[in-house]
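**Student:** The file below is coords.pdb, PDB, C-alpha atoms and all ligand atoms:
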MODEL        1
ATOM      1  CA  MET A 415    -114.941 302.076 189.345
ATOM      2  CA  THR A 416    -117.432 302.696 186.564
ATOM      3  CA  ARG A 417    -117.345 305.253 183.776
ATOM      4  CA  MET A 418    -120.217 307.366 182.625
ATOM      5  CA  PHE A 419    -120.931 309.640 179.711
ATOM      6  CA  CYS A 420    -120.577 313.384 180.315
ATOM      7  CA  TRP A 421    -124.131 314.577 179.621
ATOM      8  CA  THR A 422    -123.448 318.155 180.760
ATOM      9  CA  CYS A 423    -121.211 319.015 177.867
ATOM     10  CA  LEU A 424    -122.261 316.146 175.610
ATOM     11  CA  CYS A 425    -118.638 315.268 175.237
ATOM     12  CA  LEU A 426    -117.661 312.024 173.699
ATOM     13  CA  PHE A 427    -115.167 311.226 176.425
ATOM     14  CA  VAL A 428    -116.065 309.436 179.581
ATOM     15  CA  LEU A 429    -115.448 310.516 183.126
ATOM     16  CA  PRO A 430    -114.316 308.195 185.872
ATOM     17  CA  VAL A 431    -116.943 307.799 188.568
ATOM     18  CA  ALA A 432    -116.342 306.033 191.799
ATOM     19  CA  ALA A 433    -119.796 306.177 193.329
ATOM     20  CA  GLU A 434    -119.502 302.638 194.707
ATOM     21  CA  ASP A 435    -116.285 303.621 196.509
ATOM     22  CA  LYS A 436    -118.088 306.133 198.732
ATOM     23  CA  PRO A 437    -118.666 305.036 202.313
ATOM     24  CA  VAL A 438    -122.183 303.931 203.071
ATOM     25  CA  PRO A 439    -123.661 305.683 206.096
ATOM     26  CA  SER A 440    -123.902 303.179 208.910
ATOM     27  CA  ASN A 441    -125.557 302.885 212.252
ATOM     28  CA  LEU A 442    -122.308 302.042 214.002
ATOM     29  CA  PRO A 443    -123.048 300.787 217.500
ATOM     30  CA  ASP A 444    -120.853 301.498 220.489
ATOM     31  CA  PRO A 445    -117.452 300.136 219.364
ATOM     32  CA  ALA A 446    -117.089 298.373 222.707
ATOM     33  CA  THR A 447    -119.963 296.086 221.699
ATOM     34  CA  LEU A 448    -117.973 295.006 218.618
ATOM     35  CA  VAL A 449    -115.056 293.576 220.606
ATOM     36  CA  THR A 450    -114.790 290.250 222.420
ATOM     37  CA  ASP A 451    -111.878 288.879 224.441
ATOM     38  CA  SER A 452    -111.241 285.142 224.278
ATOM     39  CA  ALA A 453    -109.777 285.289 227.792
ATOM     40  CA  GLN A 454    -113.232 286.321 229.034
ATOM     41  CA  LEU A 455    -115.335 283.900 226.949
ATOM     42  CA  PRO A 456    -116.407 280.397 227.990
ATOM     43  CA  VAL A 457    -114.862 277.258 226.472
ATOM     44  CA  ASP A 458    -117.305 274.392 225.877
ATOM     45  CA  LYS A 459    -115.398 271.169 226.566
ATOM     46  CA  SER A 460    -116.480 267.759 225.293
ATOM     47  CA  THR A 461    -115.057 264.255 225.053
ATOM     48  CA  TRP A 462    -113.541 265.072 221.649
ATOM     49  CA  GLY A 463    -112.119 268.520 222.380
ATOM     50  CA  SER A 464    -113.491 272.013 222.839
ATOM     51  CA  LEU A 465    -115.262 274.923 221.178
ATOM     52  CA  GLN A 466    -115.012 278.604 221.962
ATOM     53  CA  TRP A 467    -117.226 281.159 220.231
ATOM     54  CA  LEU A 468    -115.567 284.515 219.590
ATOM     55  CA  CYS A 469    -118.216 286.296 217.531
ATOM     56  CA  ASN A 470    -121.853 285.644 216.700
ATOM     57  CA  ASP A 471    -125.193 287.408 216.969
ATOM     58  CA  LYS A 472    -125.443 286.626 220.685
ATOM     59  CA  LEU A 473    -121.971 287.946 221.578
ATOM     60  CA  SER A 474    -122.183 290.891 219.195
ATOM     61  CA  PRO A 475    -125.809 291.702 218.318
ATOM     62  CA  GLY A 476    -126.175 292.351 214.621
ATOM     63  CA  ALA A 477    -123.198 290.150 213.646
ATOM     64  CA  LEU A 478    -123.638 288.532 210.240
ATOM     65  CA  GLN A 479    -120.903 285.961 210.869
ATOM     66  CA  THR A 480    -120.006 283.379 213.482
ATOM     67  CA  VAL A 481    -116.340 282.838 214.340
ATOM     68  CA  GLY A 482    -114.901 280.349 216.783
ATOM     69  CA  LEU A 483    -111.931 278.258 217.823
ATOM     70  CA  ALA A 484    -112.007 274.473 218.027
ATOM     71  CA  VAL A 485    -109.641 271.898 219.448
ATOM     72  CA  LEU A 486    -109.913 268.256 218.364
ATOM     73  CA  LEU A 487    -107.874 265.818 220.446
ATOM     74  CA  PRO A 488    -105.708 263.076 218.856
ATOM     75  CA  GLY A 489    -107.760 260.035 217.839
ATOM     76  CA  GLN A 490    -111.049 261.915 218.237
ATOM     77  CA  ARG A 491    -113.691 263.152 215.822
ATOM     78  CA  ASN A 492    -116.558 265.581 216.166
ATOM     79  CA  PRO A 493    -120.098 264.383 215.324
ATOM     80  CA  VAL A 494    -121.235 264.314 211.695
ATOM     81  CA  HIS A 495    -123.401 267.391 211.189
ATOM     82  CA  PHE A 496    -124.474 270.027 208.699
ATOM     83  CA  HIS A 497    -125.380 273.714 208.758
ATOM     84  CA  PRO A 498    -128.667 274.394 206.934
ATOM     85  CA  ASN A 499    -128.362 278.187 206.926
ATOM     86  CA  CYS A 500    -124.704 278.941 206.289
ATOM     87  CA  GLU A 501    -121.430 277.776 204.863
ATOM     88  CA  GLU A 502    -118.413 277.114 207.043
ATOM     89  CA  VAL A 503    -114.759 277.952 206.468
ATOM     90  CA  LEU A 504    -112.242 276.129 208.624
ATOM     91  CA  TYR A 505    -108.562 277.086 208.896
ATOM     92  CA  MET A 506    -106.105 274.559 210.342
ATOM     93  CA  LEU A 507    -103.806 276.276 212.847
ATOM     94  CA  SER A 508    -102.115 273.016 213.878
ATOM     95  CA  GLY A 509    -102.388 269.264 213.554
ATOM     96  CA  GLN A 510    -103.570 267.006 210.772
ATOM     97  CA  GLY A 511    -106.729 265.121 210.013
ATOM     98  CA  GLN A 512    -109.329 263.915 207.585
ATOM     99  CA  HIS A 513    -112.366 266.027 206.825
ATOM    100  CA  THR A 514    -115.413 264.223 205.478
ATOM    101  CA  LEU A 515    -117.812 265.976 203.074
ATOM    102  CA  ASP A 516    -120.926 263.951 202.260
ATOM    103  CA  GLY A 517    -118.838 260.808 202.771
ATOM    104  CA  ARG A 518    -115.841 261.955 200.713
ATOM    105  CA  VAL A 519    -112.529 262.461 202.499
ATOM    106  CA  VAL A 520    -110.118 265.395 202.256
ATOM    107  CA  GLU A 521    -106.742 265.346 204.032
ATOM    108  CA  LEU A 522    -106.008 268.516 206.006
ATOM    109  CA  LYS A 523    -102.925 269.776 207.800
ATOM    110  CA  ALA A 524    -101.763 273.018 209.413
ATOM    111  CA  GLY A 525    -101.976 275.958 207.020
ATOM    112  CA  MET A 526    -104.859 274.554 204.972
ATOM    113  CA  THR A 527    -108.347 276.044 204.682
ATOM    114  CA  ILE A 528    -111.518 274.223 203.700
ATOM    115  CA  ARG A 529    -114.899 275.721 202.698
ATOM    116  CA  ILE A 530    -117.911 273.569 203.536
ATOM    117  CA  PRO A 531    -121.030 274.593 201.613
ATOM    118  CA  ALA A 532    -124.343 274.877 203.489
ATOM    119  CA  GLY A 533    -126.169 271.574 203.841
ATOM    120  CA  VAL A 534    -123.113 269.342 203.302
ATOM    121  CA  LYS A 535    -122.717 266.626 205.977
ATOM    122  CA  HIS A 536    -119.250 266.852 207.480
ATOM    123  CA  ASN A 537    -116.927 266.232 210.385
ATOM    124  CA  LEU A 538    -113.229 266.232 211.190
ATOM    125  CA  ILE A 539    -111.142 263.269 212.386
ATOM    126  CA  ASN A 540    -107.806 263.871 214.084
ATOM    127  CA  THR A 541    -105.372 261.378 212.528
ATOM    128  CA  GLY A 542    -102.251 262.937 214.029
ATOM    129  CA  LYS A 543    -100.454 262.812 217.353
ATOM    130  CA  GLU A 544    -101.104 266.420 218.389
ATOM    131  CA  PRO A 545    -104.357 268.318 218.947
ATOM    132  CA  ILE A 546    -105.917 269.936 215.894
ATOM    133  CA  ARG A 547    -106.536 273.639 216.472
ATOM    134  CA  THR A 548    -108.785 275.446 214.030
ATOM    135  CA  VAL A 549    -110.422 278.790 213.407
ATOM    136  CA  MET A 550    -113.987 278.359 212.125
ATOM    137  CA  ALA A 551    -116.076 280.999 210.398
ATOM    138  CA  PHE A 552    -119.716 280.750 209.330
ATOM    139  CA  SER A 553    -121.651 282.999 206.965
ATOM    140  CA  SER A 554    -124.389 283.685 209.522
ATOM    141  CA  GLY A 555    -124.375 285.321 212.918
ATOM    142  CA  ASP A 556    -126.977 282.708 213.908
ATOM    143  CA  ARG A 557    -125.319 279.452 212.796
ATOM    144  CA  LYS A 558    -127.672 276.474 212.826
ATOM    145  CA  THR A 559    -126.337 272.938 213.252
ATOM    146  CA  VAL A 560    -128.076 269.595 212.745
ATOM    147  CA  PHE A 561    -126.204 266.664 214.336
ATOM    148  CA  LEU A 562    -126.487 263.284 212.631
ATOM    149  CA  ASP A 563    -124.600 261.127 215.137
ATOM    150  CA  GLN A 564    -122.838 261.173 218.469
ATOM    151  CA  PRO A 565    -119.208 262.074 219.063
ATOM    152  CA  SER A 566    -116.841 259.147 219.561
ATOM    153  CA  THR A 567    -113.331 258.034 218.819
ATOM    154  CA  LYS A 568    -112.704 257.249 215.153
TER     155      LYS A 568
HETATM  156 ZN    ZN B 601    -119.585 272.315 210.790
ENDMDL
END
Can you turn what I pasted into structure tokens?
Ligand SMILES: [Zn+2]

**Tutor:**
Amino acid sequence: MTRMFCWTCLCLFVLPVAAEDKPVPSNLPDPATLVTDSAQLPVDKSTWGSLQWLCNDKLSPGALQTVGLAVLLPGQRNPVHFHPNCEEVLYMLSGQGQHTLDGRVVELKAGMTIRIPAGVKHNLINTGKEPIRTVMAFSSGDRKTVFLDQPSTK
């Protein structure tokens, strides 16, 4: 909320103004196009685990974010990569592992969240005995990824 001077009466007191709290008119599309159902979406399986995209510009045209679920099997790692056009936020639903960020290592376990800035080389290594399950979010509906190596066991 901002305050502005009352020019009408030239008073010396200020009036509260909440102009930025007003709703902005939107071009809301059909609400049905804003909903996805993970039970109806494909799961991309790989040697290291799986990825499932829940929201992006392809699934929900106009989306400004990408959201997905990932599973990383015990003893596996995903390929080192970076995202040139967006940052990534990863929330650990279960499991434990080591996340690399430009060669530096951060320990992660269930309940932790990590933010990976755009352009930072990273990957996740499952160091536990159970699958890592994560929710991933990206600050673009059209997430770009550049892979720097191949997936393999750690
Ligand atoms: Zn990533």

**Student:** May I ask you to write as a list in words all residues lying at most 9 Å from ligand ZN 601 (chain B), with only C-alpha atoms and all ligand atoms counted?

**Tutor:**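 I would give the residues around ligand ZN 601 (chain B) as Val494, His495, Phe496, His497, Glu501, Glu502, Val503, Leu504, Ile530, Val534, Lys535, His536, Asn537, Leu538, Met550, Phe552 and Thr559 of chain A.
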
**Student:** If we count all atoms listed in the file, what is near stretch 511-516 of chain A at a cut-off of 12 Å, once residues fewer than 5 positions away on the same chain are taken out, given as a PyMOL selection string?

**Tutor:** chain A and resi 485-496+502+504-506+521-524+526-548+562+568

**Student:** May I have the residues within 10 Å of A:Leu478 as an MDAnalysis selection string, using only C-alpha atoms and disregarding those fewer than 5 positions away in the same chain?

**Tutor:** chainID A and resid 469:471 552:557

**Student:** Name the closest residue to A:Gln479 among the candidates A:Asn441, A:Gln466, A:Asn499, A:Ser452; distances are taken between atoms, counting all atoms listed in the file.

**Tutor:**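 Closest to A:Gln479 of all the choices is A:Asn499.
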
**Student:** Here is a test: counting all atoms listed in the file, which residue of A:Pro443, A:Val520, A:Lys472, A:Gly482 is nearest to A:Asp458?

**Tutor:**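 Among the listed residues, the smallest separation from A:Asp458 belongs to A:Gly482.
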
**Student:** A:Ala453, A:Val481, A:Leu442, A:Val519: which is nearest A:Ala551, counting all atoms listed in the file?

**Tutor:**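 The answer is A:Val481, which sits nearest to A:Ala551.
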
**Student:** Just to confirm, what's the straight-line distance from atom CA of A:Leu468 to atom CA of A:Thr450 in Å (one decimal)?

**Tutor:**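 Interatomic distance here is 6.4 Å.
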
**Student:** Between atom CA of A:Asp451 and atom CA of A:Leu473, measure the distance and give it in Å to one decimal.

**Tutor:** 10.5 Å

**Student:** Quote the spacing between atom CA of A:Ala484 and atom CA of A:Ser464 in Å to one decimal place.

**Tutor:**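 These two atoms are separated by 5.6 Å.
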
**Student:** Identify which of the residues A:Cys500, A:Leu507, A:Leu483, A:Val549 lies closest to A:Val457, counting only C-alpha atoms when measuring atom-to-atom distances.

**Tutor:**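 Smallest distance to A:Val457 is found for A:Leu483.
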
**Student:** I'd like to know which of A:Ser460, A:Leu465, A:Asp435, A:Ala477 is closest to A:Leu448, using all atoms listed in the file.

**Tutor:**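 Ranking A:Ser460, A:Leu465, A:Asp435, A:Ala477 by distance to A:Leu448, first place goes to A:Ala477.
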